Structure formats: C-alpha cells, structure tokens
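Structure file target38.cif (mmCIF, C-alpha atoms) is printed below.
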```
data_final
loop_
_atom_site.label_atom_id
_atom_site.label_comp_id
_atom_site.auth_asym_id
_atom_site.auth_seq_id
_atom_site.Cartn_x
_atom_site.Cartn_y
_atom_site.Cartn_z
CA GLU H 1 -13.03 0.47 11.14
CA LEU H 2 -11.95 3.01 8.52
CA VAL H 3 -10.55 5.31 11.22
CA ALA H 4 -8.60 2.43 12.74
CA GLU H 5 -7.14 1.48 9.34
CA THR H 6 -6.24 5.10 8.64
CA VAL H 7 -4.47 5.52 11.97
CA LYS H 8 -2.56 2.31 11.30
CA SER H 9 -1.52 3.58 7.86
CA ILE H 10 -0.40 6.91 9.33
CA ASP H 11 1.64 5.14 12.02
CA ALA H 12 3.29 2.97 9.36
CA ALA H 13 4.05 6.03 7.22
CA VAL H 14 5.49 7.96 10.17
CA ALA H 15 7.69 4.96 11.02
CA LYS H 16 9.11 5.25 7.48
CA GLY H 17 9.81 8.94 7.91
CA GLY H 18 6.45 10.52 7.11
CA MET H 19 3.61 10.33 4.61
CA TYR H 20 5.48 12.41 2.05
CA VAL H 21 8.63 11.66 0.08
CA ARG H 22 10.91 14.68 -0.11
CA THR H 23 12.16 15.60 -3.57
CA GLY H 24 15.25 17.53 -2.53
CA MET H 25 13.84 20.72 -4.07
CA LYS H 26 13.45 22.92 -0.99
CA LYS H 27 10.78 25.31 -2.29
CA PHE H 28 8.65 22.54 -3.82
CA ASP H 29 8.84 20.47 -0.64
CA GLU H 30 7.85 23.51 1.43
CA VAL H 31 4.80 24.24 -0.74
CA ALA H 32 3.59 20.73 -1.67
CA GLY H 33 5.11 18.72 1.16
CA GLY H 34 6.84 16.47 -1.37
CA LEU H 35 5.40 13.46 -3.18
CA LYS H 36 2.75 11.33 -1.48
CA ASN H 37 1.64 7.73 -1.94
CA GLY H 38 -1.26 7.41 -4.35
CA GLU H 39 -0.32 10.45 -6.41
CA LEU H 40 0.70 10.86 -10.05
CA TRP H 41 2.95 13.83 -10.77
CA LEU H 42 3.75 15.03 -14.30
CA LEU H 43 6.86 17.15 -14.89
CA GLY H 44 5.61 19.26 -17.76
CA GLY H 45 7.99 21.01 -20.13
CA TYR H 46 8.95 21.52 -23.74
CA SER H 47 11.28 19.20 -25.65
CA GLY H 48 14.86 19.51 -24.42
CA SER H 49 13.95 21.55 -21.34
CA GLY H 50 15.51 19.13 -18.83
CA LYS H 51 12.47 17.10 -17.72
CA THR H 52 14.35 13.80 -17.53
CA PHE H 53 17.27 15.36 -15.67
CA LEU H 54 14.88 16.89 -13.12
CA ALA H 55 13.14 13.52 -12.67
CA LEU H 56 16.53 11.87 -12.19
CA ASN H 57 17.47 14.36 -9.49
CA ILE H 58 14.23 13.65 -7.61
CA ALA H 59 14.60 9.87 -7.96
CA TYR H 60 18.25 10.03 -6.95
CA HIS H 61 17.40 12.11 -3.87
CA VAL H 62 14.84 9.52 -2.75
CA TRP H 63 17.35 6.71 -3.32
CA PHE H 64 20.18 8.57 -1.58
CA THR H 65 18.25 9.75 1.50
CA THR H 66 15.92 6.82 2.23
CA ASN H 67 16.11 3.06 2.42
CA GLU H 68 13.24 2.74 -0.08
CA ASP H 69 13.22 1.07 -3.50
CA VAL H 70 13.18 3.38 -6.52
CA VAL H 71 12.16 2.02 -9.95
CA TRP H 72 13.08 3.87 -13.15
CA ILE H 73 11.24 2.65 -16.26
CA THR H 74 12.87 4.02 -19.38
CA ARG H 75 11.46 4.35 -22.87
CA GLU H 76 13.48 7.43 -23.82
CA MET H 77 16.97 5.99 -23.38
CA THR H 78 18.74 2.67 -22.88
CA ARG H 79 19.48 1.18 -19.48
CA GLU H 80 23.18 1.80 -20.15
CA ALA H 81 22.65 5.51 -20.84
CA MET H 82 20.52 5.73 -17.70
CA ALA H 83 23.34 4.12 -15.69
CA VAL H 84 25.80 6.71 -16.98
CA MET H 85 23.53 9.55 -15.84
CA PHE H 86 23.01 7.88 -12.46
CA ILE H 87 26.76 7.40 -11.86
CA ALA H 88 27.48 10.99 -12.89
CA ARG H 89 24.77 12.25 -10.52
CA HIS H 90 26.18 10.17 -7.66
CA SER H 91 29.65 11.57 -8.29
CA ALA H 92 28.21 15.08 -7.77
CA SER H 93 27.11 14.08 -4.26
CA LEU H 94 30.47 12.56 -3.37
CA PHE H 95 32.71 15.06 -5.18
CA PRO H 96 30.77 18.33 -5.70
CA ALA H 97 33.77 20.23 -7.03
CA THR H 98 35.09 17.52 -9.38
CA SER H 99 32.04 15.46 -10.36
CA VAL H 100 32.09 13.32 -13.50
CA ASP H 101 31.28 15.22 -16.70
CA THR H 102 28.56 13.14 -18.38
CA ARG H 103 29.50 14.31 -21.88
CA ARG H 104 33.19 13.48 -21.40
CA LEU H 105 32.26 10.11 -19.91
CA LEU H 106 30.14 9.25 -22.97
CA GLU H 107 32.88 10.47 -25.32
CA GLY H 108 35.56 8.52 -23.46
CA THR H 109 37.63 11.69 -22.90
CA LEU H 110 37.84 11.79 -19.09
CA ASP H 111 41.18 12.99 -17.76
CA ASP H 112 43.03 11.15 -14.97
CA GLU H 113 41.20 13.08 -12.25
CA GLY H 114 37.87 12.31 -13.89
CA LYS H 115 38.72 8.63 -14.14
CA ALA H 116 39.66 8.54 -10.45
CA VAL H 117 36.35 10.21 -9.48
CA LEU H 118 34.47 7.77 -11.73
CA ALA H 119 36.17 4.75 -10.13
CA ALA H 120 35.49 6.04 -6.61
CA SER H 121 31.83 6.78 -7.46
CA ILE H 122 31.26 3.30 -8.90
CA ALA H 123 32.92 1.68 -5.89
CA ASP H 124 30.69 3.65 -3.51
CA LEU H 125 27.58 2.73 -5.50
CA LYS H 126 28.46 -0.96 -5.32
CA LYS H 127 28.96 -0.67 -1.57
CA ARG H 128 25.60 1.06 -1.06
CA GLU H 129 23.71 -1.43 -3.24
CA ALA H 130 25.42 -4.57 -1.92
CA PRO H 131 23.20 -5.19 1.16
CA ARG H 132 19.96 -4.83 -0.83
CA LYS H 133 19.49 -3.52 -4.32
CA ARG H 134 17.33 -0.39 -4.16
CA TRP H 135 17.86 1.30 -7.56
CA HIS H 136 16.06 -0.63 -10.29
CA VAL H 137 16.02 0.21 -14.02
CA TRP H 138 13.70 -1.56 -16.44
CA GLU H 139 13.54 -1.05 -20.19
CA PRO H 140 10.11 -2.42 -21.25
CA PRO H 141 9.34 -3.78 -24.73
CA ARG H 142 8.22 -1.27 -27.34
CA ASN H 143 4.60 -2.43 -27.22
CA ALA H 144 4.30 -2.08 -23.45
CA SER H 145 1.27 -0.23 -22.10
CA MET H 146 0.63 1.12 -18.60
CA ASN H 147 -1.20 -2.12 -17.83
CA THR H 148 1.89 -4.12 -18.90
CA ILE H 149 4.07 -2.12 -16.53
CA ALA H 150 1.59 -2.49 -13.66
CA LYS H 151 1.53 -6.28 -14.10
CA GLN H 152 5.32 -6.51 -14.28
CA LEU H 153 5.78 -4.48 -11.11
CA GLU H 154 3.10 -6.52 -9.36
CA SER H 155 4.94 -9.72 -10.28
CA ARG H 156 8.07 -8.32 -8.58
CA ARG H 157 6.31 -7.20 -5.41
CA HIS H 158 7.71 -10.08 -3.35
CA ARG H 159 11.25 -8.83 -4.15
CA MET H 160 10.77 -5.09 -3.76
CA SER H 161 8.27 -2.50 -2.61
CA PRO H 162 9.02 0.79 -4.37
CA ARG H 163 8.11 4.09 -2.78
CA LEU H 164 8.76 5.93 -6.06
CA VAL H 165 8.34 4.82 -9.68
CA VAL H 166 9.49 7.04 -12.55
CA ILE H 167 8.24 6.34 -16.08
CA ASP H 168 10.16 8.19 -18.79
CA TYR H 169 7.69 8.78 -20.17
CA LEU H 170 3.98 7.93 -19.98
CA ALA H 171 2.85 9.56 -23.22
CA ILE H 172 4.90 7.24 -25.43
CA LEU H 173 3.63 4.01 -23.91
CA ALA H 174 1.43 1.90 -26.16
CA PRO H 175 -2.27 2.78 -25.80
CA ILE H 176 -4.39 0.54 -23.57
CA ARG H 177 -7.22 0.71 -26.11
CA ASP H 178 -6.65 1.91 -29.65
CA ARG H 179 -9.07 4.79 -29.98
CA ARG H 180 -7.31 6.14 -33.08
CA ASP H 181 -7.27 9.41 -31.20
CA GLY H 182 -4.00 10.58 -29.66
CA ARG H 183 -5.65 12.61 -26.89
CA GLY H 184 -7.95 9.73 -25.96
CA ASP H 185 -5.01 7.30 -25.87
CA ILE H 186 -3.08 9.57 -23.52
CA ASP H 187 -6.12 10.09 -21.29
CA ASP H 188 -6.50 6.30 -20.98
CA THR H 189 -2.83 5.93 -20.08
CA LEU H 190 -2.96 8.72 -17.49
CA GLY H 191 -6.12 7.24 -15.98
CA ALA H 192 -4.47 3.82 -15.68
CA ALA H 193 -1.37 5.43 -14.17
CA LYS H 194 -3.41 7.26 -11.54
CA SER H 195 -5.24 4.07 -10.60
CA PHE H 196 -1.97 2.14 -10.37
CA ALA H 197 -0.41 4.76 -8.08
CA LYS H 198 -3.47 4.69 -5.81
CA ASP H 199 -4.14 0.93 -5.75
CA TRP H 200 -0.60 -0.46 -5.53
CA ASN H 201 0.12 -2.86 -2.65
CA ASP H 202 -3.51 -3.39 -1.58
CA GLY H 203 -4.32 0.31 -1.58
CA ARG H 204 -1.23 1.54 0.23
CA GLY H 205 -0.17 3.24 -2.98
CA LEU H 206 3.11 4.63 -4.25
CA CYS H 207 4.45 7.85 -5.77
CA LEU H 208 4.40 7.86 -9.58
CA LEU H 209 6.38 10.48 -11.48
CA SER H 210 6.69 11.07 -15.22
CA PRO H 211 8.20 13.72 -17.49
CA HIS H 212 5.46 15.04 -19.77
CA GLN H 213 6.18 16.84 -23.02
CA ILE H 214 4.13 19.97 -23.69
CA ASN H 215 3.19 20.99 -27.21
CA ARG H 216 4.65 24.37 -28.11
CA GLU H 217 1.39 25.28 -29.88
CA GLY H 218 -0.03 26.10 -26.45
CA GLN H 219 2.74 28.64 -25.87
CA LYS H 220 2.00 30.23 -29.27
CA GLU H 221 -1.67 30.59 -28.32
CA CYS H 222 -0.68 32.12 -25.00
CA GLU H 223 1.49 34.74 -26.70
CA LYS H 224 -1.42 35.82 -28.93
CA ARG H 225 -3.67 36.83 -26.02
CA LYS H 226 -4.01 40.54 -25.38
CA PRO H 227 -3.29 42.77 -23.61
CA THR H 228 -1.17 40.43 -21.45
CA PRO H 229 -0.20 36.97 -22.76
CA HIS H 230 -1.56 34.26 -20.44
CA HIS H 231 -2.25 30.53 -20.43
CA ILE H 232 -5.67 28.89 -20.14
CA MET H 233 -6.40 25.23 -19.43
CA SER H 234 -6.92 24.31 -23.10
CA ASP H 235 -3.26 25.16 -23.76
#
```
Would it be possible to restate this file's structure as structure tokens?
Amino acid sequence: ELVAETVKSIDAAVAKGGMYVRTGMKKFDEVAGGLKNGELWLLGGYSGSGKTFLALNIAYHVWFTTNEDVVWITREMTREAMAVMFIARHSASLFPATSVDTRRLLEGTLDDEGKAVLAASIADLKKREAPRKRWHVWEPPRNASMNTIAKQLESRRHRMSPRLVVIDYLAILAPIRDRRDGRGDIDDTLGAAKSFAKDWNDGRGLCLLSPHQINREGQKECEKRKPTPHHIMSD
C-alpha cells in the first residue's frame, strides 16, 4: 500500500514538472536539485546581507516559471513595500536593460523612461494574474505564531494550494510556548515550521523558505580559532 501511494505521489509530482521546485540559481539547483515538498530551508546571513532579496528572487522565479501558488508572509515590511519590490523584480524580467530602480520608485523620482517601464510592468502583472491569482502576500498580526500561520493557510486551502511559502522571517514570530528562553522559543518555531511543511495538504507537503538572521558573535568566535579560522556548529 505504501509503495502504491508513493508511486501515485511521484506520478502527480512528475505531472507538475517534477518533485523539486527550481530556484533559478543554477549552481544550487544542480547540487541540491532545488526545493522539495516537505522541506524547510533557511537562508542564513547577517543583518543587511540581502537575505530577503534572495528569497524574493527564488519566490519570483517559482511564480514566473510555474503555474503554482506562491505565498509570501511578511513581518519585516509592509504589503505595499513588498509589492514595490515584486514589481521592480518583474520589470527586470521584462526589461533587463531598463528595469525599474526600486530606490527611485520609492522616492518618486522615476524619469519618463522609468515611468513607462513601470506602467508596462504593472500591466503585464495584471494580465498574468487575471486568470487566477497566484502571488499572495499576507501581513499577519504582530502576535502571530507559526501555529497561527498554519491555521490561516489551512483555512484558505480551498482557494489555493501553494507549492512555496516564504515567511520573512520565522525568528520574529511570536513563540508558540513562552519558555522565557530565546533559543527555546526559536527551536519551537522551527519545529512547528518543519512539521507544517511536511504535513500540509494531508501529507503532500510544501516548500517552506525563510530568511534567517545569524548572530555576528559566531563570526567573531570563528576568527579567534588558530591557526586557521573556521566555523563549528555552535557558531
């Protein structure tokens, strides 16, 4: 029975283009195969290192190249700011040489060419999303935990079935249980996130991706090690 169910799941995945979701990053996709249902991926990096932008590029690639739903859950920025980044990213696909400058767009200083590219990009987005909305952005309440997000997505399952969910970012969600211990709170959240990715849609799973901020103290410890600086797991 398990073999039969597995074969059925593989057939369904192949019909959708494979068991893995490509990220658009050639080397990563070659090594890891891409992102797979049931997995939680953390994009680790220091503050300001471009974690959110990298996550956006992956989510955009999935949206642009598949017919699958993509859900972006934002705690780091507003839905409006996320929309600006998404439009600017789309303009880079349509007009690689003259894409919208995000900073100028936010400042309201686009020149005539920039305004024309912006208008064309928005029009194309509307056209792509008109048949069936596939790019979803949700800004949860400040006290939302991973369990809150899981319940909200479950309540929307009859309207969409996301292949990729991005949470920006997991570590600042409210703790599931208040342990009064930051590390324990994060471990609980990560555990709940892993279970959600694996159990979604009656065990079919989805890909869950989250930027994850790394404490610079680990880098300082690495640099102290002699004779060659190197990281260990405790970092």
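For the pair atom CA of Pro96 of chain H and atom CA of Tyr169 of chain H, the separation is 28.9 Å.
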Box time for segment 46-50 of chain H: axis-aligned, enclosing all its listed atoms, 4 Å extra on each side; report centre and edge lengths in Å to one decimal, as lines of an AutoDock Vina configuration file.
```
center_x = 12.2
center_y = 20.3
center_z = -22.2
size_x = 14.6
size_y = 10.4
size_z = 14.8
```
Tell me which of H:Ser93, H:Ser195, H:Ser99, H:Gln219 sits closest to Leu40 of chain H, counting only C-alpha atoms.
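Closest to Leu40 of chain H, using only C-alpha atoms: H:Ser195.
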Quick one: which residues end up in the PyMOL selection byres ((chain H and resi 59-69) around 9) for this structure, as JSON, numbers by chain?
{"H": [16, 17, 21, 22, 23, 24, 54, 55, 56, 57, 58, 70, 71, 72, 86, 89, 90, 133, 134, 135, 136, 160, 161, 162, 163, 164, 165, 166, 209]}
In the coordinates of the file, take the point (5.6, 13.9, -20.1) and a cut-off of 8 Å; then, counting only C-alpha atoms, name each qualifying protein, DNA or RNA residue as a list of chain:residue names.
H:Leu42, H:Leu43, H:Gly44, H:Gly45, H:Lys51, H:Asp168, H:Tyr169, H:Leu170, H:Ala171, H:Ser210, H:Pro211, H:His212, H:Gln213, H:Ile214
Among listed residues H:Gly108, H:Ser234, H:Ile149, H:Val117, nearest Glu217 of chain H (using all atoms listed in the file):
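The closest residue to Glu217 of chain H is H:Ser234.
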Please rebuild segment 107-142 of chain H with N, CA and C atoms and give the result as an mmCIF file, in the coordinates of the input.
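The result, stored in result.cif:
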```cif
data_model
loop_
_atom_site.group_PDB
_atom_site.id
_atom_site.type_symbol
_atom_site.label_atom_id
_atom_site.label_comp_id
_atom_site.auth_asym_id
_atom_site.auth_seq_id
_atom_site.Cartn_x
_atom_site.Cartn_y
_atom_site.Cartn_z
ATOM 1 N N GLU H 107 31.904 10.341 -24.227
ATOM 2 C CA GLU H 107 32.880 10.470 -25.320
ATOM 3 C C GLU H 107 34.149 9.665 -25.069
ATOM 4 N N GLY H 108 34.337 9.230 -23.809
ATOM 5 C CA GLY H 108 35.560 8.520 -23.460
ATOM 6 C C GLY H 108 36.765 9.436 -23.356
ATOM 7 N N THR H 109 36.532 10.703 -22.950
ATOM 8 C CA THR H 109 37.630 11.690 -22.900
ATOM 9 C C THR H 109 37.887 12.186 -21.476
ATOM 10 N N LEU H 110 37.554 11.390 -20.459
ATOM 11 C CA LEU H 110 37.840 11.790 -19.090
ATOM 12 C C LEU H 110 39.337 11.876 -18.862
ATOM 13 N N ASP H 111 39.767 12.903 -18.127
ATOM 14 C CA ASP H 111 41.180 12.990 -17.760
ATOM 15 C C ASP H 111 41.437 12.079 -16.559
ATOM 16 N N ASP H 112 42.669 12.066 -16.072
ATOM 17 C CA ASP H 112 43.030 11.150 -14.970
ATOM 18 C C ASP H 112 42.213 11.441 -13.714
ATOM 19 N N GLU H 113 42.002 12.727 -13.426
ATOM 20 C CA GLU H 113 41.200 13.080 -12.250
ATOM 21 C C GLU H 113 39.768 12.589 -12.415
ATOM 22 N N GLY H 114 39.224 12.768 -13.619
ATOM 23 C CA GLY H 114 37.870 12.310 -13.890
ATOM 24 C C GLY H 114 37.738 10.811 -13.763
ATOM 25 N N LYS H 115 38.740 10.081 -14.233
ATOM 26 C CA LYS H 115 38.720 8.630 -14.140
ATOM 27 C C LYS H 115 38.780 8.171 -12.685
ATOM 28 N N ALA H 116 39.555 8.895 -11.871
ATOM 29 C CA ALA H 116 39.660 8.540 -10.450
ATOM 30 C C ALA H 116 38.322 8.790 -9.740
ATOM 31 N N VAL H 117 37.665 9.908 -10.068
ATOM 32 C CA VAL H 117 36.350 10.210 -9.480
ATOM 33 C C VAL H 117 35.326 9.180 -9.928
ATOM 34 N N LEU H 118 35.399 8.785 -11.201
ATOM 35 C CA LEU H 118 34.470 7.770 -11.730
ATOM 36 C C LEU H 118 34.644 6.453 -10.980
ATOM 37 N N ALA H 119 35.894 6.014 -10.815
ATOM 38 C CA ALA H 119 36.170 4.750 -10.130
ATOM 39 C C ALA H 119 35.673 4.787 -8.682
ATOM 40 N N ALA H 120 35.909 5.911 -7.997
ATOM 41 C CA ALA H 120 35.490 6.040 -6.610
ATOM 42 C C ALA H 120 33.955 6.053 -6.506
ATOM 43 N N SER H 121 33.296 6.708 -7.467
ATOM 44 C CA SER H 121 31.830 6.780 -7.460
ATOM 45 C C SER H 121 31.218 5.413 -7.677
ATOM 46 N N ILE H 122 31.763 4.646 -8.627
ATOM 47 C CA ILE H 122 31.260 3.300 -8.900
ATOM 48 C C ILE H 122 31.466 2.392 -7.689
ATOM 49 N N ALA H 123 32.632 2.499 -7.066
ATOM 50 C CA ALA H 123 32.920 1.680 -5.890
ATOM 51 C C ALA H 123 31.943 1.991 -4.755
ATOM 52 N N ASP H 124 31.630 3.265 -4.571
ATOM 53 C CA ASP H 124 30.690 3.650 -3.510
ATOM 54 C C ASP H 124 29.280 3.160 -3.826
ATOM 55 N N LEU H 125 28.895 3.231 -5.103
ATOM 56 C CA LEU H 125 27.580 2.730 -5.500
ATOM 57 C C LEU H 125 27.456 1.240 -5.215
ATOM 58 N N LYS H 126 28.475 0.480 -5.566
ATOM 59 C CA LYS H 126 28.460 -0.960 -5.320
ATOM 60 C C LYS H 126 28.320 -1.257 -3.833
ATOM 61 N N LYS H 127 29.015 -0.487 -3.021
ATOM 62 C CA LYS H 127 28.960 -0.670 -1.570
ATOM 63 C C LYS H 127 27.566 -0.388 -1.036
ATOM 64 N N ARG H 128 26.936 0.689 -1.527
ATOM 65 C CA ARG H 128 25.600 1.060 -1.060
ATOM 66 C C ARG H 128 24.541 0.053 -1.503
ATOM 67 N N GLU H 129 24.707 -0.521 -2.698
ATOM 68 C CA GLU H 129 23.710 -1.430 -3.240
ATOM 69 C C GLU H 129 23.927 -2.883 -2.835
ATOM 70 N N ALA H 130 25.095 -3.179 -2.251
ATOM 71 C CA ALA H 130 25.420 -4.570 -1.920
ATOM 72 C C ALA H 130 24.457 -5.211 -0.929
ATOM 73 N N PRO H 131 24.090 -4.539 0.188
ATOM 74 C CA PRO H 131 23.200 -5.190 1.160
ATOM 75 C C PRO H 131 21.831 -5.536 0.568
ATOM 76 N N ARG H 132 21.276 -4.608 -0.221
ATOM 77 C CA ARG H 132 19.960 -4.830 -0.830
ATOM 78 C C ARG H 132 19.797 -3.856 -1.982
ATOM 79 N N LYS H 133 19.624 -4.383 -3.161
ATOM 80 C CA LYS H 133 19.490 -3.520 -4.320
ATOM 81 C C LYS H 133 18.256 -2.630 -4.180
ATOM 82 N N ARG H 134 18.444 -1.322 -4.326
ATOM 83 C CA ARG H 134 17.330 -0.390 -4.160
ATOM 84 C C ARG H 134 17.065 0.437 -5.416
ATOM 85 N N TRP H 135 18.050 0.542 -6.313
ATOM 86 C CA TRP H 135 17.860 1.300 -7.560
ATOM 87 C C TRP H 135 17.627 0.302 -8.685
ATOM 88 N N HIS H 136 16.433 0.340 -9.270
ATOM 89 C CA HIS H 136 16.060 -0.630 -10.290
ATOM 90 C C HIS H 136 15.746 0.103 -11.596
ATOM 91 N N VAL H 137 16.297 -0.369 -12.703
ATOM 92 C CA VAL H 137 16.020 0.210 -14.020
ATOM 93 C C VAL H 137 15.465 -0.880 -14.920
ATOM 94 N N TRP H 138 14.352 -0.594 -15.544
ATOM 95 C CA TRP H 138 13.700 -1.560 -16.440
ATOM 96 C C TRP H 138 13.428 -0.883 -17.775
ATOM 97 N N GLU H 139 13.798 -1.537 -18.838
ATOM 98 C CA GLU H 139 13.540 -1.050 -20.190
ATOM 99 C C GLU H 139 12.467 -1.959 -20.804
ATOM 100 N N PRO H 140 11.190 -1.550 -20.793
ATOM 101 C CA PRO H 140 10.110 -2.420 -21.250
ATOM 102 C C PRO H 140 10.110 -2.589 -22.759
ATOM 103 N N PRO H 141 9.438 -3.614 -23.279
ATOM 104 C CA PRO H 141 9.340 -3.780 -24.730
ATOM 105 C C PRO H 141 8.582 -2.625 -25.366
ATOM 106 N N ARG H 142 8.785 -2.425 -26.660
ATOM 107 C CA ARG H 142 8.220 -1.270 -27.340
ATOM 108 C C ARG H 142 6.694 -1.235 -27.310
#
```
